[in-house]
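Asks: mmCIF, C-alpha atoms, saved as coords.cif, coming up:
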```
data_structure
#
loop_
_atom_site.group_PDB
_atom_site.id
_atom_site.type_symbol
_atom_site.label_atom_id
_atom_site.label_comp_id
_atom_site.auth_asym_id
_atom_site.auth_seq_id
_atom_site.Cartn_x
_atom_site.Cartn_y
_atom_site.Cartn_z
ATOM 1 C CA MET A 283 61.235 17.833 -6.390
ATOM 2 C CA LYS A 284 57.709 16.499 -6.452
ATOM 3 C CA SER A 285 55.825 16.322 -3.133
ATOM 4 C CA ARG A 286 54.320 13.004 -2.091
ATOM 5 C CA PHE A 287 51.342 14.749 -0.549
ATOM 6 C CA SER A 288 48.571 16.345 -2.552
ATOM 7 C CA PRO A 289 47.125 19.681 -1.432
ATOM 8 C CA THR A 290 43.730 18.017 -0.966
ATOM 9 C CA LEU A 291 45.203 15.322 1.268
ATOM 10 C CA VAL A 292 47.089 17.895 3.342
ATOM 11 C CA THR A 293 43.953 20.041 3.747
ATOM 12 C CA ALA A 294 41.877 17.036 4.754
ATOM 13 C CA SER A 295 44.539 15.943 7.280
ATOM 14 C CA VAL A 296 44.691 19.427 8.829
ATOM 15 C CA LEU A 297 40.884 19.611 9.106
ATOM 16 C CA MET A 298 40.714 16.191 10.762
ATOM 17 C CA ALA A 299 43.556 17.070 13.147
ATOM 18 C CA MET A 300 41.622 20.154 14.177
ATOM 19 C CA GLY A 301 38.547 18.048 14.835
ATOM 20 C CA LEU A 302 36.611 19.444 11.921
ATOM 21 C CA SER A 303 34.726 17.214 9.572
ATOM 22 C CA ILE A 304 35.147 17.142 5.853
ATOM 23 C CA PRO A 305 31.894 18.156 4.194
ATOM 24 C CA ALA A 306 30.334 15.393 2.170
ATOM 25 C CA ARG A 307 29.734 16.106 -1.495
ATOM 26 C CA ALA A 308 26.068 15.154 -1.263
ATOM 27 C CA ASP A 309 23.955 14.625 1.789
ATOM 28 C CA THR A 310 21.367 11.903 2.285
ATOM 29 C CA LYS A 311 18.471 14.286 1.779
ATOM 30 C CA THR A 312 19.859 15.336 -1.598
ATOM 31 C CA ASP A 313 20.468 11.701 -2.557
ATOM 32 C CA ASP A 314 16.900 10.777 -1.619
ATOM 33 C CA SER A 315 15.562 13.777 -3.510
ATOM 34 C CA LEU A 316 17.540 12.858 -6.614
ATOM 35 C CA ALA A 317 16.382 9.235 -6.385
ATOM 36 C CA ALA A 318 12.757 10.386 -6.128
ATOM 37 C CA GLN A 319 13.240 12.738 -9.076
ATOM 38 C CA GLN A 320 14.838 9.976 -11.148
ATOM 39 C CA LYS A 321 11.910 7.666 -10.391
ATOM 40 C CA GLY A 322 9.530 10.504 -11.281
ATOM 41 C CA VAL A 323 11.263 11.046 -14.630
ATOM 42 C CA GLN A 324 11.116 7.315 -15.326
ATOM 43 C CA LEU A 325 7.369 7.244 -14.621
ATOM 44 C CA ILE A 326 6.723 10.421 -16.609
ATOM 45 C CA ASN A 327 8.580 8.870 -19.557
ATOM 46 C CA GLN A 328 6.488 5.712 -19.157
ATOM 47 C CA VAL A 329 3.298 7.784 -19.279
ATOM 48 C CA GLY A 330 4.575 9.473 -22.440
ATOM 49 C CA GLU A 331 5.329 6.151 -24.131
ATOM 50 C CA VAL A 332 1.929 4.719 -23.247
ATOM 51 C CA ALA A 333 0.294 7.918 -24.503
ATOM 52 C CA ARG A 334 2.128 7.543 -27.835
ATOM 53 C CA ASP A 335 0.796 4.024 -28.229
ATOM 54 C CA VAL A 336 -2.717 5.070 -27.234
ATOM 55 C CA ARG A 337 -2.625 7.961 -29.700
ATOM 56 C CA TYR A 338 -1.449 5.610 -32.459
ATOM 57 C CA ASN A 339 -4.430 3.314 -31.876
ATOM 58 C CA ALA A 340 -6.884 6.198 -31.447
ATOM 59 C CA GLU A 341 -5.667 7.772 -34.701
ATOM 60 C CA HIS A 342 -6.369 4.514 -36.487
ATOM 61 C CA LEU A 343 -9.867 4.352 -35.023
ATOM 62 C CA ASP A 344 -10.482 7.995 -35.880
ATOM 63 C CA SER A 345 -9.297 7.643 -39.459
ATOM 64 C CA PHE A 346 -11.298 4.522 -40.270
ATOM 65 C CA ASN A 347 -14.279 4.823 -42.539
ATOM 66 C CA ILE A 348 -17.472 2.834 -42.901
ATOM 67 C CA ARG A 349 -15.759 -0.046 -44.724
ATOM 68 C CA ILE A 350 -13.415 -0.985 -41.875
ATOM 69 C CA SER A 351 -14.017 -4.308 -40.211
ATOM 70 C CA GLU A 352 -15.438 -4.807 -36.770
ATOM 71 C CA ARG A 353 -12.323 -6.842 -35.999
ATOM 72 C CA SER A 354 -10.097 -3.813 -36.600
ATOM 73 C CA HIS A 355 -12.157 -1.666 -34.261
ATOM 74 C CA THR A 356 -12.125 -4.368 -31.622
ATOM 75 C CA TYR A 357 -8.383 -4.827 -31.998
ATOM 76 C CA HIS A 358 -7.559 -1.123 -31.560
ATOM 77 C CA LEU A 359 -10.024 -0.649 -28.714
ATOM 78 C CA ASN A 360 -8.518 -3.664 -26.924
ATOM 79 C CA GLN A 361 -5.042 -2.229 -27.494
ATOM 80 C CA ILE A 362 -6.116 1.047 -25.903
ATOM 81 C CA LYS A 363 -7.804 -0.781 -23.032
ATOM 82 C CA GLY A 364 -4.666 -2.835 -22.346
ATOM 83 C CA LEU A 365 -2.403 0.212 -22.527
ATOM 84 C CA VAL A 366 -4.590 2.129 -20.095
ATOM 85 C CA ASN A 367 -5.045 -0.757 -17.648
ATOM 86 C CA ASN A 368 -1.522 -2.179 -17.764
ATOM 87 C CA GLY A 369 0.610 0.865 -18.515
ATOM 88 C CA LEU A 370 -1.066 4.180 -17.835
ATOM 89 C CA ASN A 371 -3.030 3.486 -14.650
ATOM 90 C CA PRO A 372 -0.128 1.804 -12.768
ATOM 91 C CA ALA A 373 2.254 4.632 -13.740
ATOM 92 C CA LEU A 374 -0.289 7.265 -12.659
ATOM 93 C CA ALA A 375 -0.764 5.515 -9.297
ATOM 94 C CA GLN A 376 2.993 5.432 -8.704
ATOM 95 C CA LEU A 377 3.353 9.090 -9.697
ATOM 96 C CA GLU A 378 0.606 10.014 -7.280
ATOM 97 C CA ASP A 379 2.412 8.154 -4.475
ATOM 98 C CA LEU A 380 5.732 9.824 -5.327
ATOM 99 C CA GLN A 381 4.328 13.291 -5.923
ATOM 100 C CA SER A 382 4.812 14.702 -2.396
ATOM 101 C CA GLN A 383 8.540 13.873 -2.483
ATOM 102 C CA LEU A 384 9.164 15.995 -5.565
ATOM 103 C CA PRO A 385 9.775 19.736 -6.068
ATOM 104 C CA ASP A 386 6.766 22.030 -6.446
ATOM 105 C CA TRP A 387 7.154 22.451 -10.217
ATOM 106 C CA ASN A 388 7.154 18.679 -10.604
ATOM 107 C CA GLN A 389 4.090 18.301 -8.379
ATOM 108 C CA ARG A 390 2.162 20.749 -10.558
ATOM 109 C CA THR A 391 3.245 18.857 -13.663
ATOM 110 C CA ILE A 392 2.123 15.582 -12.134
ATOM 111 C CA ASP A 393 -1.251 17.167 -11.295
ATOM 112 C CA SER A 394 -1.628 17.980 -14.989
ATOM 113 C CA ILE A 395 -0.548 14.469 -16.017
ATOM 114 C CA LEU A 396 -2.965 12.882 -13.535
ATOM 115 C CA THR A 397 -5.852 15.020 -14.797
ATOM 116 C CA SER A 398 -5.166 14.189 -18.466
ATOM 117 C CA GLY A 399 -4.479 10.533 -17.706
ATOM 118 C CA LYS A 400 -7.702 10.069 -15.795
ATOM 119 C CA ALA A 401 -9.668 11.858 -18.521
ATOM 120 C CA LEU A 402 -8.050 9.635 -21.154
ATOM 121 C CA ALA A 403 -8.960 6.497 -19.176
ATOM 122 C CA ALA A 404 -12.559 7.687 -18.679
ATOM 123 C CA ASP A 405 -13.018 8.570 -22.358
ATOM 124 C CA ALA A 406 -11.442 5.290 -23.473
ATOM 125 C CA ASN A 407 -13.873 3.436 -21.228
ATOM 126 C CA SER A 408 -16.775 5.483 -22.610
ATOM 127 C CA ALA A 409 -15.688 4.726 -26.188
ATOM 128 C CA ILE A 410 -15.591 1.003 -25.421
ATOM 129 C CA LEU A 411 -18.994 1.085 -23.729
ATOM 130 C CA GLU A 412 -20.494 3.132 -26.552
ATOM 131 C CA ARG A 413 -19.074 0.751 -29.148
ATOM 132 C CA ASN A 414 -20.424 -2.266 -27.251
ATOM 133 C CA GLU A 415 -23.868 -0.685 -26.866
ATOM 134 C CA SER A 416 -24.142 0.274 -30.529
ATOM 135 C CA GLY A 417 -24.300 -3.359 -31.591
ATOM 136 C CA THR A 418 -23.868 -3.930 -35.287
ATOM 137 C CA ALA A 419 -24.133 -0.284 -36.328
ATOM 138 C CA PRO A 420 -21.041 0.874 -38.231
ATOM 139 C CA PRO A 421 -18.649 2.890 -36.004
ATOM 140 C CA ALA A 422 -18.562 5.695 -38.585
ATOM 141 C CA MET A 423 -22.294 6.214 -37.996
ATOM 142 C CA ASN A 424 -21.971 6.603 -34.212
ATOM 143 C CA SER A 425 -21.141 10.224 -33.439
ATOM 144 C CA GLU A 426 -20.748 9.671 -29.683
ATOM 145 C CA TYR A 427 -18.269 6.861 -30.248
ATOM 146 C CA LYS A 428 -16.284 8.986 -32.704
ATOM 147 C CA SER A 429 -16.321 11.884 -30.232
ATOM 148 C CA PHE A 430 -14.896 9.713 -27.424
ATOM 149 C CA VAL A 431 -12.186 8.363 -29.728
ATOM 150 C CA LYS A 432 -11.249 11.922 -30.744
ATOM 151 C CA GLN A 433 -11.071 12.934 -27.071
ATOM 152 C CA VAL A 434 -8.840 9.944 -26.260
ATOM 153 C CA GLU A 435 -6.547 11.040 -29.071
ATOM 154 C CA GLY A 436 -6.445 14.605 -27.696
ATOM 155 C CA HIS A 437 -5.706 13.493 -24.124
ATOM 156 C CA ALA A 438 -2.964 11.204 -25.391
ATOM 157 C CA GLN A 439 -1.362 14.084 -27.315
ATOM 158 C CA ASN A 440 -1.549 16.298 -24.228
ATOM 159 C CA LEU A 441 0.100 13.586 -22.112
ATOM 160 C CA MET A 442 2.845 13.168 -24.697
ATOM 161 C CA ASP A 443 3.572 16.889 -24.835
ATOM 162 C CA THR A 444 3.512 17.309 -21.056
ATOM 163 C CA SER A 445 5.611 14.240 -20.320
ATOM 164 C CA ASP A 446 8.203 15.147 -22.967
ATOM 165 C CA ALA A 447 8.610 18.680 -21.605
ATOM 166 C CA ALA A 448 8.624 17.591 -17.947
ATOM 167 C CA ALA A 449 11.123 14.791 -18.509
ATOM 168 C CA ALA A 450 13.499 17.096 -20.416
ATOM 169 C CA TYR A 451 13.275 19.791 -17.737
ATOM 170 C CA ALA A 452 13.709 17.315 -14.881
ATOM 171 C CA SER A 453 16.675 15.632 -16.531
ATOM 172 C CA GLY A 454 18.425 18.982 -16.922
ATOM 173 C CA HIS A 455 17.574 19.913 -13.355
ATOM 174 C CA MET A 456 19.002 16.647 -11.989
ATOM 175 C CA LYS A 457 22.180 16.943 -14.075
ATOM 176 C CA ALA A 458 22.765 20.401 -12.645
ATOM 177 C CA GLN A 459 22.230 19.123 -9.090
ATOM 178 C CA LYS A 460 24.588 16.191 -9.632
ATOM 179 C CA ALA A 461 27.216 18.570 -10.971
ATOM 180 C CA GLY A 462 26.928 20.638 -7.805
ATOM 181 C CA ILE A 463 25.251 23.577 -9.467
ATOM 182 C CA SER A 464 22.813 25.327 -7.172
ATOM 183 C CA VAL A 465 19.392 25.208 -8.786
ATOM 184 C CA PRO A 466 16.102 26.350 -7.315
ATOM 185 C CA SER A 467 13.871 23.500 -6.241
ATOM 186 C CA GLN A 468 10.733 25.301 -7.328
ATOM 187 C CA SER A 469 9.682 27.686 -10.040
#
```
Can you turn what I pasted into structure tokens?
Replies:
Amino acid sequence: MKSRFSPTLVTASVLMAMGLSIPARADTKTDDSLAAQQKGVQLINQVGEVARDVRYNAEHLDSFNIRISERSHTYHLNQIKGLVNNGLNPALAQLEDLQSQLPDWNQRTIDSILTSGKALAADANSAILERNESGTAPPAMNSEYKSFVKQVEGHAQNLMDTSDAAAAYASGHMKAQKAGISVPSQS
């Protein structure tokens, strides 16, 4: 004969009758921590996507030769400028605000992302200023301009690599927490 009461229901009823509470599966602190980590992963992924687009444009600028049009340089520099101003900088600001709510390993990663992101923005600005100041001289003849473009490309690659690794690690970490697996919050 099959019982109408499940063992879980019986156990819960006995605990409540004894005045004991049933432990919740996740507490509010854990929920808040997971929400902060999810937002962090989202922002880190956003930084990585912007970095990919910046690298794409910087590679084009870096690979151009003396015969490329001024319009092409202007187009790619404006693309980089827009990506930095409208994608990278807002994501970096939000990461900085969220940073203290995240585990230590994530805070260190965000420090690295902030450093590379700010360097990318500064070098992109320097490339634009250098290009504007060089007037009608061909970009291929301006070594400072080419150096800034190369540095932008390098910072973008670093941001891509860091954001990819951090997002993959954080996603695995959060999945383990959601599954109830005890994982260290710092490493």
Asks: Evaluating the PyMOL selection byres ((chain A and resi 390-406) around 6) on the displayed file yields which residues, as an NGL selection string?
Replies: :A and (387-389 or 407-409 or 430 or 434 or 437)
Asks: Residues of the last selection are to be written out with C-alpha atoms, as a PDB file, in the frame of the given file.
Replies:
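part-v5.pdb written:
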```
ATOM      1  CA  TRP A 387       7.154  22.451 -10.217  1.00  0.00           C
ATOM      2  CA  ASN A 388       7.154  18.679 -10.604  1.00  0.00           C
ATOM      3  CA  GLN A 389       4.090  18.301  -8.379  1.00  0.00           C
ATOM      4  CA  ASN A 407     -13.873   3.436 -21.228  1.00  0.00           C
ATOM      5  CA  SER A 408     -16.775   5.483 -22.610  1.00  0.00           C
ATOM      6  CA  ALA A 409     -15.688   4.726 -26.188  1.00  0.00           C
ATOM      7  CA  PHE A 430     -14.896   9.713 -27.424  1.00  0.00           C
ATOM      8  CA  VAL A 434      -8.840   9.944 -26.260  1.00  0.00           C
ATOM      9  CA  HIS A 437      -5.706  13.493 -24.124  1.00  0.00           C
TER      10      HIS A 437
END
```
Asks: Considering all atoms listed in the file, can you say which of A:Asn368, A:Asn360, A:Gln383, A:Gln459 comes closest to Ser315 (chain A)?
Replies: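 Closest to Ser315 (chain A) of all the choices is A:Gln383.
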Asks: Counting only C-alpha atoms, which of A:Gly462, A:Pro385, A:Gly436, A:Pro420 gets nearest to Gly322 (chain A)?
Replies: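 Once distances to Gly322 (chain A) are computed over only C-alpha atoms, the minimum belongs to A:Pro385.
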Asks: Please, what distance in Å, to one decimal, runs between CA of Leu374 (chain A) and CA of His355 (chain A)?
Replies: 26.2 Å
Asks: Using only C-alpha atoms, which protein or nucleic acid residues come within 10 Å of Glu426 (chain A)? Drop anything in the same chain fewer than 5 positions from it, and give the result as a PyMOL selection string.
Replies: chain A and resi 408-409+412-413+421+431-432
Asks: Taking the file as shown, find all residues satisfying the PyMOL selection byres ((chain A and resi 332) around 8) and write them as a ChimeraX atom specification.
Replies: /A:328-331,333-336,365-366,369-370
Asks: What is the CA of Tyr427 (chain A) to CA of Met442 (chain A) distance in Å?
Replies: 22.7 Å
Asks: What separation in Å, quoted to one decimal, exists between CA of Arg337 (chain A) and CA of Ala438 (chain A)?
Replies: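 Computing the Euclidean distance for CA of Arg337 (chain A) and CA of Ala438 (chain A) yields 5.4 Å.
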Asks: Check the smallest atom-to-atom distance from each of A:Gln319, A:Asn327, A:Lys363, A:Arg353 to Ser445 (chain A) using only C-alpha atoms, then report the winner.
Replies: A:Asn327
